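Listing of protein-v4.txt, compact mmCIF, C-alpha atoms
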# COMPACT_ATOMS: atom_id res chain seq x y z
CA MET Y 1 16.32 -70.79 19.44
CA LYS Y 2 17.31 -69.33 22.81
CA ILE Y 3 16.48 -65.65 23.30
CA ALA Y 4 17.45 -63.23 26.06
CA LEU Y 5 15.43 -60.06 26.58
CA ILE Y 6 17.10 -56.80 27.58
CA GLY Y 7 14.32 -54.45 28.63
CA TYR Y 8 10.97 -55.67 29.92
CA GLY Y 9 8.63 -52.78 29.31
CA LYS Y 10 5.58 -52.87 27.03
CA MET Y 11 7.65 -53.88 24.00
CA GLY Y 12 9.59 -56.50 25.94
CA LYS Y 13 6.40 -58.14 27.17
CA GLU Y 14 4.91 -58.15 23.66
CA ILE Y 15 8.12 -59.69 22.28
CA GLU Y 16 7.98 -62.36 24.98
CA LYS Y 17 4.43 -63.38 23.94
CA ILE Y 18 5.30 -63.64 20.26
CA ALA Y 19 8.61 -65.42 20.81
CA LEU Y 20 6.94 -68.07 22.95
CA SER Y 21 4.09 -68.45 20.44
CA ARG Y 22 6.69 -69.17 17.74
CA GLY Y 23 8.28 -71.92 19.84
CA GLN Y 24 11.33 -69.96 20.93
CA GLU Y 25 12.83 -70.27 24.42
CA LEU Y 26 13.42 -67.28 26.71
CA VAL Y 27 16.51 -68.00 28.78
CA ARG Y 28 17.00 -64.67 30.58
CA ILE Y 29 15.17 -61.37 31.08
CA ILE Y 30 17.24 -58.35 32.11
CA ASP Y 31 15.11 -55.40 33.16
CA ILE Y 32 17.03 -53.08 35.47
CA ASN Y 33 20.29 -53.86 33.64
CA PRO Y 34 22.55 -55.12 36.45
CA ARG Y 35 25.86 -55.75 34.69
CA GLU Y 36 26.40 -59.07 36.46
CA ALA Y 37 23.28 -60.43 34.74
CA PHE Y 38 25.05 -60.25 31.38
CA ALA Y 39 27.77 -62.60 32.63
CA SER Y 40 25.26 -65.18 33.88
CA GLU Y 41 25.29 -68.65 32.39
CA ALA Y 42 21.69 -68.23 31.27
CA PHE Y 43 22.39 -65.03 29.33
CA ARG Y 44 25.56 -66.43 27.77
CA SER Y 45 23.57 -69.45 26.52
CA ALA Y 46 21.35 -67.22 24.36
CA ASP Y 47 21.64 -67.35 20.57
CA VAL Y 48 20.41 -63.76 20.36
CA ALA Y 49 19.53 -60.97 22.79
CA ILE Y 50 16.68 -58.63 21.87
CA GLU Y 51 17.29 -55.15 23.28
CA PHE Y 52 14.55 -52.50 23.64
CA THR Y 53 15.58 -49.96 26.27
CA ALA Y 54 16.57 -46.27 26.33
CA PRO Y 55 19.19 -44.26 24.41
CA SER Y 56 21.26 -43.77 27.57
CA VAL Y 57 21.85 -47.49 28.17
CA ALA Y 58 21.50 -49.17 24.76
CA TYR Y 59 25.16 -48.72 23.81
CA GLY Y 60 26.40 -50.24 27.07
CA ASN Y 61 23.93 -53.11 26.76
CA CYS Y 62 25.26 -54.02 23.33
CA LEU Y 63 28.87 -53.92 24.52
CA GLU Y 64 28.03 -56.16 27.50
CA ALA Y 65 26.26 -58.66 25.25
CA PHE Y 66 29.19 -58.68 22.81
CA LYS Y 67 31.63 -59.19 25.66
CA ASN Y 68 29.69 -62.29 26.68
CA GLY Y 69 29.51 -63.71 23.16
CA VAL Y 70 25.86 -62.97 22.41
CA LYS Y 71 24.50 -61.47 19.19
CA VAL Y 72 22.13 -58.50 19.58
CA VAL Y 73 18.93 -57.31 17.94
CA SER Y 74 18.37 -53.71 19.06
CA GLY Y 75 15.36 -51.49 18.51
CA SER Y 76 16.51 -48.70 20.80
CA THR Y 77 16.75 -45.36 18.98
CA GLY Y 78 18.53 -42.12 19.75
CA TRP Y 79 22.04 -43.59 20.23
CA MET Y 80 23.25 -44.82 16.85
CA GLY Y 81 24.10 -41.33 15.65
CA GLU Y 82 26.88 -41.22 18.22
CA HIS Y 83 27.89 -44.89 18.24
CA GLY Y 84 26.91 -46.22 14.81
CA GLU Y 85 30.39 -46.14 13.30
CA GLU Y 86 31.84 -48.01 16.26
CA MET Y 87 29.10 -50.64 16.03
CA ARG Y 88 29.84 -51.14 12.33
CA ARG Y 89 33.55 -51.47 13.07
CA LEU Y 90 32.96 -54.02 15.84
CA CYS Y 91 30.81 -56.08 13.47
CA GLN Y 92 33.06 -55.79 10.44
CA GLU Y 93 36.47 -56.07 12.12
CA GLU Y 94 35.92 -57.92 15.38
CA GLY Y 95 33.27 -60.47 14.42
CA LYS Y 96 30.40 -59.07 16.50
CA THR Y 97 26.81 -59.19 15.26
CA LEU Y 98 24.23 -56.42 15.65
CA PHE Y 99 20.88 -56.21 13.90
CA TRP Y 100 19.71 -52.64 14.41
CA SER Y 101 16.61 -50.95 13.09
CA SER Y 102 14.74 -47.81 14.03
CA ASN Y 103 11.53 -49.76 13.40
CA PHE Y 104 10.91 -53.51 13.13
CA SER Y 105 7.39 -53.37 11.71
CA LEU Y 106 6.86 -55.24 8.44
CA GLY Y 107 4.41 -52.48 7.47
CA VAL Y 108 7.06 -49.83 8.06
CA ALA Y 109 9.57 -51.83 6.00
CA ILE Y 110 7.06 -51.82 3.12
CA PHE Y 111 6.32 -48.13 3.75
CA ALA Y 112 10.04 -47.30 3.66
CA ALA Y 113 10.38 -49.03 0.27
CA VAL Y 114 7.36 -47.10 -1.07
CA ASN Y 115 8.84 -43.89 0.35
CA LYS Y 116 12.11 -44.37 -1.54
CA TYR Y 117 10.32 -45.22 -4.78
CA LEU Y 118 8.01 -42.21 -4.48
CA ALA Y 119 11.01 -39.93 -3.82
CA LYS Y 120 12.69 -41.28 -6.94
CA ILE Y 121 9.57 -40.44 -8.99
CA MET Y 122 9.20 -36.99 -7.40
CA ASN Y 123 12.83 -36.21 -8.26
CA GLN Y 124 11.49 -35.44 -11.75
CA PHE Y 125 8.92 -32.92 -10.46
CA PRO Y 126 10.64 -30.01 -8.68
CA ASN Y 127 7.37 -28.07 -8.21
CA TYR Y 128 6.50 -30.41 -5.32
CA ASP Y 129 7.99 -29.67 -1.91
CA VAL Y 130 8.22 -32.42 0.71
CA SER Y 131 7.77 -32.49 4.49
CA MET Y 132 7.21 -35.09 7.20
CA VAL Y 133 5.30 -35.32 10.50
CA GLU Y 134 5.61 -38.12 13.05
CA THR Y 135 3.33 -38.68 16.07
CA HIS Y 136 4.19 -40.85 19.08
CA HIS Y 137 3.15 -41.47 22.67
CA VAL Y 138 4.16 -39.06 25.42
CA HIS Y 139 6.78 -41.48 26.84
CA LYS Y 140 9.02 -41.36 23.76
CA LEU Y 141 12.27 -39.58 24.63
CA ASP Y 142 13.77 -38.80 21.21
CA ALA Y 143 12.35 -36.47 18.56
CA PRO Y 144 12.13 -36.83 15.67
CA SER Y 145 11.72 -40.58 15.90
CA GLY Y 146 14.39 -42.94 14.62
CA THR Y 147 11.90 -44.16 12.04
CA ALA Y 148 11.33 -40.61 10.79
CA ILE Y 149 15.08 -40.10 10.45
CA THR Y 150 15.40 -43.36 8.49
CA LEU Y 151 12.52 -42.32 6.21
CA ALA Y 152 14.09 -38.87 5.76
CA GLU Y 153 17.39 -40.46 4.77
CA GLY Y 154 15.49 -42.57 2.22
CA ILE Y 155 14.11 -39.37 0.70
CA LEU Y 156 17.50 -37.65 0.65
CA GLU Y 157 19.04 -40.60 -1.19
CA ASN Y 158 16.55 -40.21 -4.04
CA LEU Y 159 15.54 -36.53 -4.13
CA ASP Y 160 18.41 -34.43 -5.49
CA ARG Y 161 16.90 -31.08 -4.41
CA LYS Y 162 17.06 -31.99 -0.71
CA GLN Y 163 20.48 -32.16 0.97
CA LYS Y 164 19.63 -32.69 4.65
CA TRP Y 165 16.73 -33.06 7.06
CA VAL Y 166 16.12 -30.54 9.85
CA MET Y 167 13.92 -30.55 12.93
CA GLY Y 168 10.60 -28.85 12.24
CA THR Y 169 8.05 -28.16 14.96
CA LEU Y 170 7.70 -30.12 18.20
CA THR Y 171 4.22 -30.35 19.71
CA ALA Y 172 4.54 -31.26 23.39
CA PRO Y 173 1.96 -33.34 25.32
CA ASP Y 174 0.45 -30.13 26.73
CA GLY Y 175 -0.07 -28.77 23.21
CA THR Y 176 2.83 -26.31 23.32
CA VAL Y 177 4.44 -25.93 19.90
CA THR Y 178 8.10 -24.98 19.49
CA GLY Y 179 10.32 -24.74 16.43
CA THR Y 180 9.39 -23.95 12.83
CA THR Y 181 8.98 -25.64 9.46
CA ASP Y 182 10.53 -22.63 7.71
CA CYS Y 183 13.80 -23.85 6.25
CA ALA Y 184 16.11 -23.56 3.27
CA PRO Y 185 14.91 -24.95 -0.08
CA ASP Y 186 17.38 -27.83 0.12
CA GLU Y 187 16.25 -28.87 3.63
CA LEU Y 188 13.55 -31.39 4.57
CA PRO Y 189 11.59 -30.41 7.72
CA VAL Y 190 10.61 -33.27 10.03
CA SER Y 191 8.07 -32.33 12.71
CA ALA Y 192 7.12 -34.31 15.81
CA ILE Y 193 3.96 -34.57 17.93
CA ARG Y 194 3.81 -36.21 21.36
CA GLU Y 195 0.32 -37.16 22.53
CA GLY Y 196 -1.51 -39.91 24.38
CA GLU Y 197 -0.42 -43.51 23.83
CA VAL Y 198 -0.01 -43.36 20.03
CA PRO Y 199 2.21 -46.31 18.92
CA GLY Y 200 3.47 -44.38 15.90
CA ILE Y 201 2.20 -42.44 12.87
CA HIS Y 202 4.48 -41.23 10.06
CA THR Y 203 3.13 -39.00 7.30
CA ILE Y 204 5.08 -37.76 4.27
CA LYS Y 205 3.56 -35.02 2.13
CA TYR Y 206 4.54 -33.75 -1.32
CA GLU Y 207 2.77 -30.48 -2.02
CA SER Y 208 2.47 -28.23 -5.05
CA GLU Y 209 0.19 -25.31 -5.89
CA ALA Y 210 -2.09 -27.75 -7.69
CA ASP Y 211 -2.38 -30.67 -5.28
CA SER Y 212 -0.87 -32.82 -2.53
CA ILE Y 213 0.39 -36.40 -2.49
CA VAL Y 214 0.38 -37.95 0.99
CA ILE Y 215 1.51 -41.35 2.27
CA THR Y 216 1.00 -42.47 5.88
CA HIS Y 217 1.88 -45.43 8.04
CA ASP Y 218 -0.30 -45.69 11.16
CA ALA Y 219 0.61 -48.40 13.68
CA LYS Y 220 -2.44 -49.80 15.51
CA ASN Y 221 -0.45 -51.45 18.32
CA ARG Y 222 2.97 -52.87 19.21
CA LYS Y 223 2.35 -56.35 17.77
CA GLY Y 224 3.83 -55.56 14.37
CA PHE Y 225 7.02 -54.18 15.92
CA ALA Y 226 7.35 -57.17 18.27
CA LEU Y 227 6.84 -59.73 15.49
CA GLY Y 228 9.44 -57.98 13.35
CA ALA Y 229 11.93 -58.05 16.23
CA VAL Y 230 11.45 -61.80 16.70
CA LEU Y 231 11.78 -62.40 12.94
CA ALA Y 232 14.97 -60.32 13.05
CA ALA Y 233 16.27 -62.46 15.94
CA GLU Y 234 15.57 -65.65 14.00
CA TYR Y 235 17.45 -64.18 11.02
CA THR Y 236 20.34 -62.92 13.18
CA ALA Y 237 20.87 -66.33 14.79
CA ALA Y 238 21.96 -67.63 11.37
CA HIS Y 239 23.88 -64.56 10.12
CA GLN Y 240 26.76 -62.33 11.13
CA GLY Y 241 27.79 -58.71 10.83
CA PHE Y 242 26.02 -55.36 10.96
CA LEU Y 243 22.47 -56.21 9.87
CA GLY Y 244 19.24 -54.32 9.22
CA MET Y 245 15.76 -54.53 7.77
CA ASN Y 246 17.13 -54.37 4.22
CA ASP Y 247 18.76 -57.74 4.93
CA LEU Y 248 15.60 -59.28 6.40
CA PHE Y 249 13.18 -57.88 3.78
CA GLN Y 250 14.84 -57.37 0.41
CA PHE Y 251 12.21 -55.31 -1.42

Could I get this structure in the form of structure tokens?
Amino acid sequence: MKIALIGYGKMGKEIEKIALSRGQELVRIIDINPREAFASEAFRSADVAIEFTAPSVAYGNCLEAFKNGVKVVSGSTGWMGEHGEEMRRLCQEEGKTLFWSSNFSLGVAIFAAVNKYLAKIMNQFPNYDVSMVETHHVHKLDAPSGTAITLAEGILENLDRKQKWVMGTLTAPDGTVTGTTDCAPDELPVSAIREGEVPGIHTIKYESEADSIVITHDAKNRKGFALGAVLAAEYTAAHQGFLGMNDLFQF
């Protein structure tokens, strides 16, 4: 399979290692995003482009790839809220293909399935309130993380007493805390911490007067995310439409 990389930061370099180890071919790396690079013969020869960049450029990157006939796997977060409906329309009505996920880790995919199942169980026990905290490295631009939002949506789908998630507290790299976890009974607070070089920790807590039930996913490094992105690219090469982790891992 021929892969193009859009974004060559820490994730891009990890994806490159894993793709090559799995016998895939890298035909083009686009780092600074010059638009002419997307029209190059090398990029257009790719079966799939893997895109890990920033919220401000991810949308344009996907459109450029589509324009040049290349399917996209994107792990950029913070932009789908604004452009998600358009991406779905392009895939469903105009034959484009985008595999998007807020998190490509196999462990997170398992964690998300456990999260939904636990929420379904806890729907029967209204004396437990639920909250979430996510921790990431200081370079992450969006808060809460895309993964936290996806996990929150999984809770909302299965817990009738919660109608929406809201931003809780934000702990900045210097330790400054803003915001509050005080919210309406039907709201789910999602707090964020930015410190060091943490790859990603997501903790969901159900708490009653009697006890607490806590589940946590703690990423040790970027390898799990990179492997998931390459597996998603291999899947996307043979499929079409608006795709996600529920297509790749059908728990």

* Skip range 184-187 of chain Y itself and residues of its chain fewer than 2 positions away, then list as a PyMOL selection string all residues within 12 Å of it, counting all atoms listed in the file. => chain Y and resi 126-132+152-153+155-156+159-168+180-182+189-190

| query | Can you tell me, as an NGL selection string, which residues sit within 9 Å of (2.5, -36.4, 16.5) in the file's frame, using all atoms listed in the file? | reply | :Y and (133-137 or 170-172 or 191-195 or 198 or 200-202)

Self-check item: Atom-to-atom span, CA of Thr203 in chain Y and CA of Thr216 in chain Y, Å
Solution: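 A separation of 4.3 Å between them.
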
Restricting to all atoms listed in the file, whichever of Y:Ile15, Y:Met80, Y:Ala237, Y:Ala113 is closest to Ser56 in chain Y is Y:Met80

TODO: Record the distance separating CA of Trp79 in chain Y and CA of Leu63 in chain Y, expressed in Å with one decimal.
DONE: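 Separation between CA of Trp79 in chain Y and CA of Leu63 in chain Y: 13.1 Å.
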
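Counting all atoms listed in the file, the residue from Y:Arg35, Y:Lys71, Y:Arg28, Y:Arg89 that sits nearest to Gly12 in chain Y is Y:Arg28.
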
Practice prompt. Would you mind listing what lies within 7 Å of Gly75 in chain Y as a list in words, with all atoms listed in the file counted and same-chain residues fewer than 6 positions away left out?
Written response: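 Selected residues are Glu51, Phe52, Trp100, Ser101, Ser102 and Asn103 of chain Y.
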
Save all heavy atoms of range 18-29 of chain Y from the block above as a PDB file, in the first residue's frame.
ATOM      1  N   ILE Y  18       6.183   2.674  11.919  1.00  0.00           N
ATOM      2  CA  ILE Y  18       5.294   1.519  11.955  1.00  0.00           C
ATOM      3  C   ILE Y  18       4.838   1.128  10.556  1.00  0.00           C
ATOM      4  O   ILE Y  18       4.767  -0.056  10.213  1.00  0.00           O
ATOM      5  CB  ILE Y  18       4.101   1.804  12.890  1.00  0.00           C
ATOM      6  CG1 ILE Y  18       4.605   1.838  14.338  1.00  0.00           C
ATOM      7  CG2 ILE Y  18       3.005   0.758  12.720  1.00  0.00           C
ATOM      8  CD1 ILE Y  18       3.573   2.180  15.364  1.00  0.00           C
ATOM      9  N   ALA Y  19       4.552   2.123   9.719  1.00  0.00           N
ATOM     10  CA  ALA Y  19       4.129   1.826   8.349  1.00  0.00           C
ATOM     11  C   ALA Y  19       5.218   1.063   7.603  1.00  0.00           C
ATOM     12  O   ALA Y  19       4.943   0.057   6.929  1.00  0.00           O
ATOM     13  CB  ALA Y  19       3.786   3.123   7.613  1.00  0.00           C
ATOM     14  N   LEU Y  20       6.450   1.514   7.739  1.00  0.00           N
ATOM     15  CA  LEU Y  20       7.565   0.841   7.057  1.00  0.00           C
ATOM     16  C   LEU Y  20       7.777  -0.559   7.618  1.00  0.00           C
ATOM     17  O   LEU Y  20       8.067  -1.503   6.868  1.00  0.00           O
ATOM     18  CB  LEU Y  20       8.846   1.670   7.192  1.00  0.00           C
ATOM     19  CG  LEU Y  20       8.845   3.022   6.462  1.00  0.00           C
ATOM     20  CD1 LEU Y  20      10.103   3.812   6.781  1.00  0.00           C
ATOM     21  CD2 LEU Y  20       8.700   2.831   4.955  1.00  0.00           C
ATOM     22  N   SER Y  21       7.604  -0.719   8.939  1.00  0.00           N
ATOM     23  CA  SER Y  21       7.785  -2.039   9.552  1.00  0.00           C
ATOM     24  C   SER Y  21       6.730  -3.033   9.103  1.00  0.00           C
ATOM     25  O   SER Y  21       6.935  -4.243   9.151  1.00  0.00           O
ATOM     26  CB  SER Y  21       7.770  -1.924  11.085  1.00  0.00           C
ATOM     27  OG  SER Y  21       6.455  -1.693  11.561  1.00  0.00           O
ATOM     28  N   ARG Y  22       5.573  -2.517   8.657  1.00  0.00           N
ATOM     29  CA  ARG Y  22       4.486  -3.370   8.173  1.00  0.00           C
ATOM     30  C   ARG Y  22       4.533  -3.545   6.657  1.00  0.00           C
ATOM     31  O   ARG Y  22       3.590  -4.053   6.064  1.00  0.00           O
ATOM     32  CB  ARG Y  22       3.132  -2.790   8.600  1.00  0.00           C
ATOM     33  CG  ARG Y  22       2.913  -2.854  10.106  1.00  0.00           C
ATOM     34  CD  ARG Y  22       1.576  -2.228  10.513  1.00  0.00           C
ATOM     35  NE  ARG Y  22       0.435  -2.940   9.954  1.00  0.00           N
ATOM     36  CZ  ARG Y  22      -0.114  -4.030  10.479  1.00  0.00           C
ATOM     37  NH1 ARG Y  22       0.394  -4.564  11.584  1.00  0.00           N
ATOM     38  NH2 ARG Y  22      -1.169  -4.592   9.918  1.00  0.00           N
ATOM     39  N   GLY Y  23       5.629  -3.091   6.034  1.00  0.00           N
ATOM     40  CA  GLY Y  23       5.819  -3.314   4.605  1.00  0.00           C
ATOM     41  C   GLY Y  23       5.115  -2.324   3.705  1.00  0.00           C
ATOM     42  O   GLY Y  23       5.016  -2.553   2.492  1.00  0.00           O
ATOM     43  N   GLN Y  24       4.627  -1.222   4.285  1.00  0.00           N
ATOM     44  CA  GLN Y  24       3.965  -0.213   3.470  1.00  0.00           C
ATOM     45  C   GLN Y  24       5.006   0.740   2.867  1.00  0.00           C
ATOM     46  O   GLN Y  24       6.121   0.859   3.373  1.00  0.00           O
ATOM     47  CB  GLN Y  24       2.943   0.579   4.295  1.00  0.00           C
ATOM     48  CG  GLN Y  24       1.989  -0.280   5.106  1.00  0.00           C
ATOM     49  CD  GLN Y  24       1.137  -1.212   4.255  1.00  0.00           C
ATOM     50  OE1 GLN Y  24       1.245  -1.246   3.047  1.00  0.00           O
ATOM     51  NE2 GLN Y  24       0.302  -2.012   4.905  1.00  0.00           N
ATOM     52  N   GLU Y  25       4.609   1.457   1.824  1.00  0.00           N
ATOM     53  CA  GLU Y  25       5.509   2.367   1.129  1.00  0.00           C
ATOM     54  C   GLU Y  25       5.073   3.811   1.369  1.00  0.00           C
ATOM     55  O   GLU Y  25       3.904   4.151   1.197  1.00  0.00           O
ATOM     56  CB  GLU Y  25       5.493   2.076  -0.378  1.00  0.00           C
ATOM     57  CG  GLU Y  25       6.394   2.986  -1.189  1.00  0.00           C
ATOM     58  CD  GLU Y  25       6.282   2.738  -2.690  1.00  0.00           C
ATOM     59  OE1 GLU Y  25       5.541   1.817  -3.089  1.00  0.00           O
ATOM     60  OE2 GLU Y  25       6.931   3.476  -3.451  1.00  0.00           O
ATOM     61  N   LEU Y  26       6.009   4.654   1.799  1.00  0.00           N
ATOM     62  CA  LEU Y  26       5.724   6.074   1.960  1.00  0.00           C
ATOM     63  C   LEU Y  26       6.114   6.796   0.678  1.00  0.00           C
ATOM     64  O   LEU Y  26       7.285   6.797   0.292  1.00  0.00           O
ATOM     65  CB  LEU Y  26       6.505   6.665   3.137  1.00  0.00           C
ATOM     66  CG  LEU Y  26       6.022   6.293   4.538  1.00  0.00           C
ATOM     67  CD1 LEU Y  26       6.882   6.955   5.587  1.00  0.00           C
ATOM     68  CD2 LEU Y  26       4.571   6.705   4.727  1.00  0.00           C
ATOM     69  N   VAL Y  27       5.135   7.406   0.026  1.00  0.00           N
ATOM     70  CA  VAL Y  27       5.404   8.013  -1.279  1.00  0.00           C
ATOM     71  C   VAL Y  27       5.575   9.524  -1.198  1.00  0.00           C
ATOM     72  O   VAL Y  27       6.164  10.141  -2.095  1.00  0.00           O
ATOM     73  CB  VAL Y  27       4.293   7.673  -2.289  1.00  0.00           C
ATOM     74  CG1 VAL Y  27       4.292   6.180  -2.589  1.00  0.00           C
ATOM     75  CG2 VAL Y  27       2.917   8.119  -1.786  1.00  0.00           C
ATOM     76  N   ARG Y  28       5.060  10.160  -0.120  1.00  0.00           N
ATOM     77  CA  ARG Y  28       5.223  11.604   0.005  1.00  0.00           C
ATOM     78  C   ARG Y  28       5.009  12.011   1.455  1.00  0.00           C
ATOM     79  O   ARG Y  28       4.105  11.507   2.125  1.00  0.00           O
ATOM     80  CB  ARG Y  28       4.215  12.353  -0.890  1.00  0.00           C
ATOM     81  CG  ARG Y  28       4.400  13.876  -0.919  1.00  0.00           C
ATOM     82  CD  ARG Y  28       5.707  14.241  -1.615  1.00  0.00           C
ATOM     83  NE  ARG Y  28       6.121  15.602  -1.319  1.00  0.00           N
ATOM     84  CZ  ARG Y  28       6.084  16.608  -2.200  1.00  0.00           C
ATOM     85  NH1 ARG Y  28       5.621  16.417  -3.430  1.00  0.00           N
ATOM     86  NH2 ARG Y  28       6.520  17.802  -1.860  1.00  0.00           N
ATOM     87  N   ILE Y  29       5.835  12.925   1.942  1.00  0.00           N
ATOM     88  CA  ILE Y  29       5.669  13.522   3.266  1.00  0.00           C
ATOM     89  C   ILE Y  29       5.468  15.016   3.082  1.00  0.00           C
ATOM     90  O   ILE Y  29       6.307  15.689   2.478  1.00  0.00           O
ATOM     91  CB  ILE Y  29       6.885  13.249   4.173  1.00  0.00           C
ATOM     92  CG1 ILE Y  29       7.035  11.750   4.439  1.00  0.00           C
ATOM     93  CG2 ILE Y  29       6.733  14.008   5.496  1.00  0.00           C
ATOM     94  CD1 ILE Y  29       8.303  11.377   5.185  1.00  0.00           C
TER      95      ILE Y  29
END
